[in-house]
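Below is coords_13.cif, which holds mmCIF, C-alpha atoms.
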```cif
data_structure
#
loop_
_atom_site.group_PDB
_atom_site.id
_atom_site.type_symbol
_atom_site.label_atom_id
_atom_site.label_comp_id
_atom_site.auth_asym_id
_atom_site.auth_seq_id
_atom_site.Cartn_x
_atom_site.Cartn_y
_atom_site.Cartn_z
ATOM 1 C CA MET B 1 34.498 -24.110 -0.553
ATOM 2 C CA SER B 2 35.946 -21.488 1.761
ATOM 3 C CA THR B 3 34.490 -20.609 5.121
ATOM 4 C CA GLY B 4 33.908 -17.235 6.730
ATOM 5 C CA MET B 5 35.634 -15.916 9.825
ATOM 6 C CA THR B 6 33.162 -17.754 12.069
ATOM 7 C CA GLY B 7 33.869 -21.122 10.470
ATOM 8 C CA THR B 8 30.509 -21.243 8.728
ATOM 9 C CA PRO B 9 30.199 -21.354 4.950
ATOM 10 C CA PRO B 10 29.436 -17.974 3.384
ATOM 11 C CA THR B 11 25.821 -17.236 2.602
ATOM 12 C CA PRO B 12 25.108 -17.480 -1.119
ATOM 13 C CA PRO B 13 24.315 -14.133 -2.738
ATOM 14 C CA LEU B 14 20.671 -13.154 -2.992
ATOM 15 C CA VAL B 15 19.613 -12.956 -6.616
ATOM 16 C CA LEU B 16 17.464 -9.879 -7.179
ATOM 17 C CA ARG B 17 15.896 -8.298 -10.215
ATOM 18 C CA LEU B 18 14.671 -4.798 -10.802
ATOM 19 C CA ILE B 19 11.329 -4.302 -12.505
ATOM 20 C CA VAL B 20 10.737 -0.869 -13.990
ATOM 21 C CA ARG B 21 7.455 0.369 -15.421
ATOM 22 C CA ARG B 22 6.925 3.856 -16.804
ATOM 23 C CA LYS B 23 3.989 5.675 -15.189
ATOM 24 C CA ASP B 24 1.347 7.415 -17.243
ATOM 25 C CA PRO B 25 2.310 11.068 -17.866
ATOM 26 C CA GLN B 26 -0.437 12.312 -15.492
ATOM 27 C CA GLN B 27 0.727 9.988 -12.718
ATOM 28 C CA ALA B 28 4.346 11.012 -13.175
ATOM 29 C CA GLN B 29 3.449 14.695 -13.144
ATOM 30 C CA ALA B 30 1.339 14.292 -9.993
ATOM 31 C CA GLU B 31 4.231 12.537 -8.224
ATOM 32 C CA GLN B 32 6.718 15.185 -9.343
ATOM 33 C CA GLU B 33 4.388 17.932 -8.074
ATOM 34 C CA ARG B 34 4.076 16.110 -4.746
ATOM 35 C CA LEU B 35 7.869 15.915 -4.449
ATOM 36 C CA LEU B 36 8.274 19.604 -5.288
ATOM 37 C CA LYS B 37 5.570 20.612 -2.797
ATOM 38 C CA ASP B 38 7.132 18.477 -0.064
ATOM 39 C CA ALA B 39 10.566 19.994 -0.726
ATOM 40 C CA ARG B 40 9.134 23.522 -0.580
ATOM 41 C CA LYS B 41 7.482 22.729 2.758
ATOM 42 C CA ARG B 42 10.806 21.589 4.179
ATOM 43 C CA GLY B 43 12.751 24.457 2.609
ATOM 44 C CA LYS B 44 14.815 22.035 0.527
ATOM 45 C CA LYS B 45 15.606 21.686 -3.138
ATOM 46 C CA THR B 46 14.311 18.614 -4.975
ATOM 47 C CA ASP B 47 17.012 16.356 -6.365
ATOM 48 C CA PRO B 48 16.621 16.092 -10.170
ATOM 49 C CA ARG B 49 17.169 12.336 -9.871
ATOM 50 C CA SER B 50 14.072 12.096 -7.646
ATOM 51 C CA LEU B 51 12.041 13.978 -10.229
ATOM 52 C CA GLU B 52 13.225 11.543 -12.906
ATOM 53 C CA ALA B 53 12.530 8.498 -10.696
ATOM 54 C CA ALA B 54 8.991 9.806 -10.102
ATOM 55 C CA LYS B 55 8.219 8.856 -13.702
ATOM 56 C CA TYR B 56 8.584 5.130 -12.936
ATOM 57 C CA ILE B 57 7.387 2.342 -10.714
ATOM 58 C CA LEU B 58 10.519 0.571 -9.451
ATOM 59 C CA LEU B 59 10.208 -2.827 -7.785
ATOM 60 C CA LEU B 60 13.021 -5.003 -6.485
ATOM 61 C CA THR B 61 12.180 -8.674 -6.086
ATOM 62 C CA SER B 62 13.810 -12.007 -5.389
ATOM 63 C CA LEU B 63 10.938 -13.974 -6.954
ATOM 64 C CA PRO B 64 12.130 -16.216 -9.801
ATOM 65 C CA THR B 65 11.731 -14.910 -13.351
ATOM 66 C CA ALA B 66 10.457 -18.223 -14.716
ATOM 67 C CA THR B 67 7.583 -18.319 -12.233
ATOM 68 C CA PHE B 68 6.807 -14.605 -11.887
ATOM 69 C CA PRO B 69 6.984 -12.472 -15.042
ATOM 70 C CA PRO B 70 7.127 -8.682 -14.563
ATOM 71 C CA ALA B 71 3.385 -8.214 -15.170
ATOM 72 C CA ASP B 72 2.621 -10.687 -12.365
ATOM 73 C CA ILE B 73 5.040 -8.909 -10.005
ATOM 74 C CA LEU B 74 3.286 -5.597 -10.679
ATOM 75 C CA THR B 75 -0.104 -7.235 -10.038
ATOM 76 C CA LEU B 76 1.161 -8.740 -6.779
ATOM 77 C CA TYR B 77 2.511 -5.361 -5.735
ATOM 78 C CA ARG B 78 -0.832 -3.685 -6.427
ATOM 79 C CA PHE B 79 -2.555 -6.398 -4.365
ATOM 80 C CA ARG B 80 -0.031 -5.931 -1.543
ATOM 81 C CA TRP B 81 -0.697 -2.203 -1.683
ATOM 82 C CA GLN B 82 -4.418 -2.860 -1.175
ATOM 83 C CA ILE B 83 -3.547 -4.914 1.912
ATOM 84 C CA GLU B 84 -1.386 -2.046 3.225
ATOM 85 C CA LEU B 85 -4.293 0.365 2.704
ATOM 86 C CA ALA B 86 -6.649 -2.015 4.515
ATOM 87 C CA PHE B 87 -4.294 -2.186 7.512
ATOM 88 C CA LYS B 88 -3.911 1.585 7.506
ATOM 89 C CA ARG B 89 -7.687 1.999 7.346
ATOM 90 C CA PHE B 90 -8.236 -0.509 10.164
ATOM 91 C CA LYS B 91 -5.584 1.160 12.324
ATOM 92 C CA SER B 92 -7.285 4.500 11.772
ATOM 93 C CA LEU B 93 -10.825 3.237 12.351
ATOM 94 C CA ALA B 94 -9.889 1.170 15.397
ATOM 95 C CA GLY B 95 -7.520 3.689 16.978
ATOM 96 C CA LEU B 96 -4.714 1.149 17.231
ATOM 97 C CA ASP B 97 -1.977 3.728 17.743
ATOM 98 C CA SER B 98 -1.672 2.946 21.449
ATOM 99 C CA LEU B 99 -2.422 -0.035 23.654
ATOM 100 C CA PRO B 100 -3.809 1.072 27.033
ATOM 101 C CA ALA B 101 -3.827 -2.424 28.588
ATOM 102 C CA LYS B 102 -0.648 -3.991 29.981
ATOM 103 C CA LYS B 103 -1.870 -7.509 30.814
ATOM 104 C CA PRO B 104 -1.952 -9.793 27.737
ATOM 105 C CA GLU B 105 -5.563 -10.914 28.278
ATOM 106 C CA LEU B 106 -6.789 -7.314 28.658
ATOM 107 C CA ALA B 107 -4.760 -6.190 25.639
ATOM 108 C CA ARG B 108 -6.241 -9.018 23.551
ATOM 109 C CA ALA B 109 -9.790 -8.120 24.626
ATOM 110 C CA TRP B 110 -9.144 -4.438 23.858
ATOM 111 C CA LEU B 111 -7.754 -5.292 20.403
ATOM 112 C CA TYR B 112 -10.669 -7.614 19.587
ATOM 113 C CA ALA B 113 -13.177 -4.962 20.627
ATOM 114 C CA ARG B 114 -11.451 -2.321 18.490
ATOM 115 C CA LEU B 115 -11.247 -4.652 15.483
ATOM 116 C CA ILE B 116 -14.939 -5.488 15.794
ATOM 117 C CA VAL B 117 -15.721 -1.764 15.753
ATOM 118 C CA ALA B 118 -13.521 -1.322 12.674
ATOM 119 C CA ILE B 119 -15.258 -4.178 10.858
ATOM 120 C CA ILE B 120 -18.674 -2.728 11.697
ATOM 121 C CA ALA B 121 -17.523 0.673 10.422
ATOM 122 C CA GLU B 122 -16.325 -0.998 7.210
ATOM 123 C CA GLN B 123 -19.723 -2.643 6.786
ATOM 124 C CA ILE B 124 -21.512 0.656 7.365
ATOM 125 C CA ALA B 125 -19.251 2.436 4.860
ATOM 126 C CA GLY B 126 -19.800 -0.494 2.528
ATOM 127 C CA GLN B 127 -17.603 0.739 -0.276
ATOM 128 C CA VAL B 128 -13.970 1.594 -0.751
ATOM 129 C CA PRO B 129 -12.291 3.057 -3.818
ATOM 130 C CA ASP B 130 -10.221 1.037 -6.208
ATOM 131 C CA SER B 131 -6.902 2.853 -5.741
ATOM 132 C CA PRO B 132 -3.889 0.845 -6.869
ATOM 133 C CA PRO B 133 -0.518 2.586 -6.648
ATOM 134 C CA SER B 134 -0.152 2.484 -10.424
ATOM 135 C CA GLY B 135 -3.195 4.739 -10.675
ATOM 136 C CA ARG B 136 -5.121 2.426 -12.973
ATOM 137 C CA GLY B 137 -8.790 2.811 -12.295
ATOM 138 C CA ASN B 138 -8.201 6.416 -11.298
ATOM 139 C CA PRO B 139 -8.093 8.377 -14.555
ATOM 140 C CA THR B 140 -7.911 11.752 -12.804
ATOM 141 C CA GLY B 141 -4.716 10.847 -10.956
ATOM 142 C CA LYS B 142 -6.204 12.459 -7.824
ATOM 143 C CA SER B 143 -6.143 10.757 -4.461
ATOM 144 C CA LEU B 144 -9.403 9.198 -3.342
ATOM 145 C CA ALA B 145 -10.764 8.847 0.183
ATOM 146 C CA LEU B 146 -10.399 5.330 1.549
ATOM 147 C CA ALA B 147 -14.040 4.953 2.552
ATOM 148 C CA SER B 148 -15.909 7.432 0.410
ATOM 149 C CA HIS B 149 -19.685 7.556 0.660
ATOM 150 C CA GLU B 150 -20.102 9.241 -2.692
ATOM 151 C CA ASP B 151 -21.859 7.180 -5.323
ATOM 152 C CA SER B 152 -20.413 8.995 -8.308
ATOM 153 C CA PRO B 153 -19.142 6.620 -11.018
ATOM 154 C CA ASP B 154 -16.055 8.842 -11.264
ATOM 155 C CA HIS B 155 -14.922 7.514 -7.882
ATOM 156 C CA HIS B 156 -14.606 3.886 -9.094
ATOM 157 C CA LEU B 157 -16.206 2.488 -5.969
ATOM 158 C CA ARG B 158 -16.736 -1.177 -5.337
ATOM 159 C CA ARG B 159 -17.916 -3.295 -2.459
ATOM 160 C CA HIS B 160 -15.002 -4.193 -0.206
ATOM 161 C CA PRO B 161 -14.487 -7.945 -0.817
ATOM 162 C CA ARG B 162 -13.047 -8.750 2.636
ATOM 163 C CA THR B 163 -15.620 -7.077 4.868
ATOM 164 C CA THR B 164 -18.104 -9.936 5.138
ATOM 165 C CA SER B 165 -15.557 -12.749 5.188
ATOM 166 C CA VAL B 166 -13.519 -11.132 7.974
ATOM 167 C CA ALA B 167 -16.658 -10.391 10.001
ATOM 168 C CA GLY B 168 -17.794 -13.967 9.557
ATOM 169 C CA ARG B 169 -14.592 -15.311 11.128
ATOM 170 C CA LEU B 170 -14.880 -13.430 14.417
#
```
Rewrite the coordinates I just gave you, this time as structure tokens.
Amino acid sequence: MSTGMTGTPPTPPLVLRLIVRRKDPQQAQAEQERLLKDARKRGKKTDPRSLEAAKYILLLTSLPTATFPPADILTLYRFRWQIELAFKRFKSLAGLDSLPAKKPELARAWLYARLIVAIIAEQIAGQVPDSPPSGRGNPTGKSLALASHEDSPDHHLRRHPRTTSVAGRL
């Protein structure tokens, strides 16, 4: 086995696999329209390759094939996306874009207070839309508000499963 310039053995290559899933025609069209609109705003021309890529969900993973089939990877990605949306929602509700306190104990108290406010706001809102990135559960293909108060069945609302359990831990 040969060694690198530093005398350490070379790092083995990372085995990756690409998972590709075709989007529904409405989802693909909505993404293409978003790309075209964004390009127009910036005074640019949309690359045809981007318009073609907008028709697919592309995921790169290092998870083993034997343990994680493509359908499971897509499910995990949708779950991860929900976590990203929850963090984004909490950051927005709690105003976590700046930290006014410099001392660690004051910063911690400020963060806890803001998170408590965010959890209370989540409980008051009570419902969040089911909005996975694949668009399933959203037949219109339109974006939904993260904490809609509308009770229309077209909004695919459900009780946020983490609200109570997170509040119970504080």
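In this structure, CA of Leu51 (chain B) sits 7.4 Å away from CA of Leu35 (chain B).
Between CA of Ala94 (chain B) and CA of Leu115 (chain B) the separation is 6.0 Å.
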Problem set entry | One-decimal distance in Å that lies between CA of Ala107 (chain B) and CA of Ser92 (chain B) | 17.7 Å
Seminar exercise, completed: For Thr75 (chain B), the closest of B:Arg21, B:Lys55, B:Pro100, B:Arg49 counting only C-alpha atoms is B:Arg21
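The shortest atom-to-atom distance to Ile73 (chain B), with only C-alpha atoms taken into account, belongs to B:Leu59 out of B:Leu59, B:Ala101, B:Ala125, B:Ile120.
Ranking B:Arg108, B:Leu74, B:Glu31, B:Pro10 by their shortest atom-to-atom distance to Leu60 (chain B), with all atoms listed in the file included, puts B:Leu74 first.
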For this session: Run the PyMOL selection byres ((chain B and resi 96) around 12) mentally over the shown coordinates, then write out the matched residues as a PyMOL selection string, using the chain letters and numbers from the document.
Result: chain B and resi 87-95+97-101+107+110-115+117-118
Exercise. Looking at all atoms listed in the file, which of B:Lys41, B:Leu36, B:Leu63, B:Ala54 is the one that sits closest to Ile19 (chain B)?
Worked result: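 Using all atoms listed in the file, the shortest distance to Ile19 (chain B) belongs to B:Leu63.
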Output region 47-66 of chain B as a compact mmCIF listing (two decimals), in the frame of the given file, making sure N, CA and C atoms are there.
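Below is the file selection-v8.txt, written as the result:
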```
# COMPACT_ATOMS: atom_id res chain seq x y z
N ASP B 47 15.95 16.96 -5.57
CA ASP B 47 17.01 16.36 -6.36
C ASP B 47 16.46 16.00 -7.75
N PRO B 48 17.11 16.41 -8.82
CA PRO B 48 16.62 16.09 -10.17
C PRO B 48 16.48 14.59 -10.40
N ARG B 49 17.29 13.79 -9.73
CA ARG B 49 17.17 12.34 -9.87
C ARG B 49 15.84 11.84 -9.30
N SER B 50 15.37 12.46 -8.22
CA SER B 50 14.07 12.10 -7.65
C SER B 50 12.95 12.44 -8.61
N LEU B 51 13.07 13.58 -9.26
CA LEU B 51 12.04 13.98 -10.23
C LEU B 51 12.02 13.01 -11.41
N GLU B 52 13.17 12.53 -11.81
CA GLU B 52 13.22 11.54 -12.91
C GLU B 52 12.66 10.21 -12.43
N ALA B 53 13.02 9.77 -11.23
CA ALA B 53 12.53 8.50 -10.70
C ALA B 53 11.02 8.52 -10.50
N ALA B 54 10.44 9.70 -10.30
CA ALA B 54 8.99 9.81 -10.10
C ALA B 54 8.21 9.39 -11.35
N LYS B 55 8.88 9.25 -12.45
CA LYS B 55 8.22 8.86 -13.70
C LYS B 55 8.04 7.34 -13.81
N TYR B 56 8.56 6.59 -12.83
CA TYR B 56 8.58 5.13 -12.94
C TYR B 56 8.09 4.46 -11.66
N ILE B 57 7.62 3.24 -11.84
CA ILE B 57 7.39 2.34 -10.71
C ILE B 57 8.60 1.43 -10.70
N LEU B 58 9.31 1.39 -9.58
CA LEU B 58 10.52 0.57 -9.45
C LEU B 58 10.28 -0.48 -8.38
N LEU B 59 10.40 -1.74 -8.73
CA LEU B 59 10.21 -2.83 -7.78
C LEU B 59 11.43 -3.73 -7.80
N LEU B 60 11.90 -4.08 -6.63
CA LEU B 60 13.02 -5.00 -6.48
C LEU B 60 12.47 -6.29 -5.90
N THR B 61 12.74 -7.42 -6.55
CA THR B 61 12.18 -8.67 -6.09
C THR B 61 13.20 -9.80 -6.16
N SER B 62 12.99 -10.80 -5.34
CA SER B 62 13.81 -12.01 -5.39
C SER B 62 13.00 -13.18 -5.95
N LEU B 63 11.76 -12.92 -6.37
CA LEU B 63 10.94 -13.97 -6.95
C LEU B 63 11.52 -14.41 -8.29
N PRO B 64 11.50 -15.71 -8.57
CA PRO B 64 12.13 -16.22 -9.80
C PRO B 64 11.43 -15.74 -11.07
N THR B 65 12.23 -15.42 -12.08
CA THR B 65 11.73 -14.91 -13.35
C THR B 65 10.84 -15.93 -14.05
N ALA B 66 11.22 -17.19 -14.01
CA ALA B 66 10.46 -18.22 -14.72
C ALA B 66 9.05 -18.37 -14.16
```
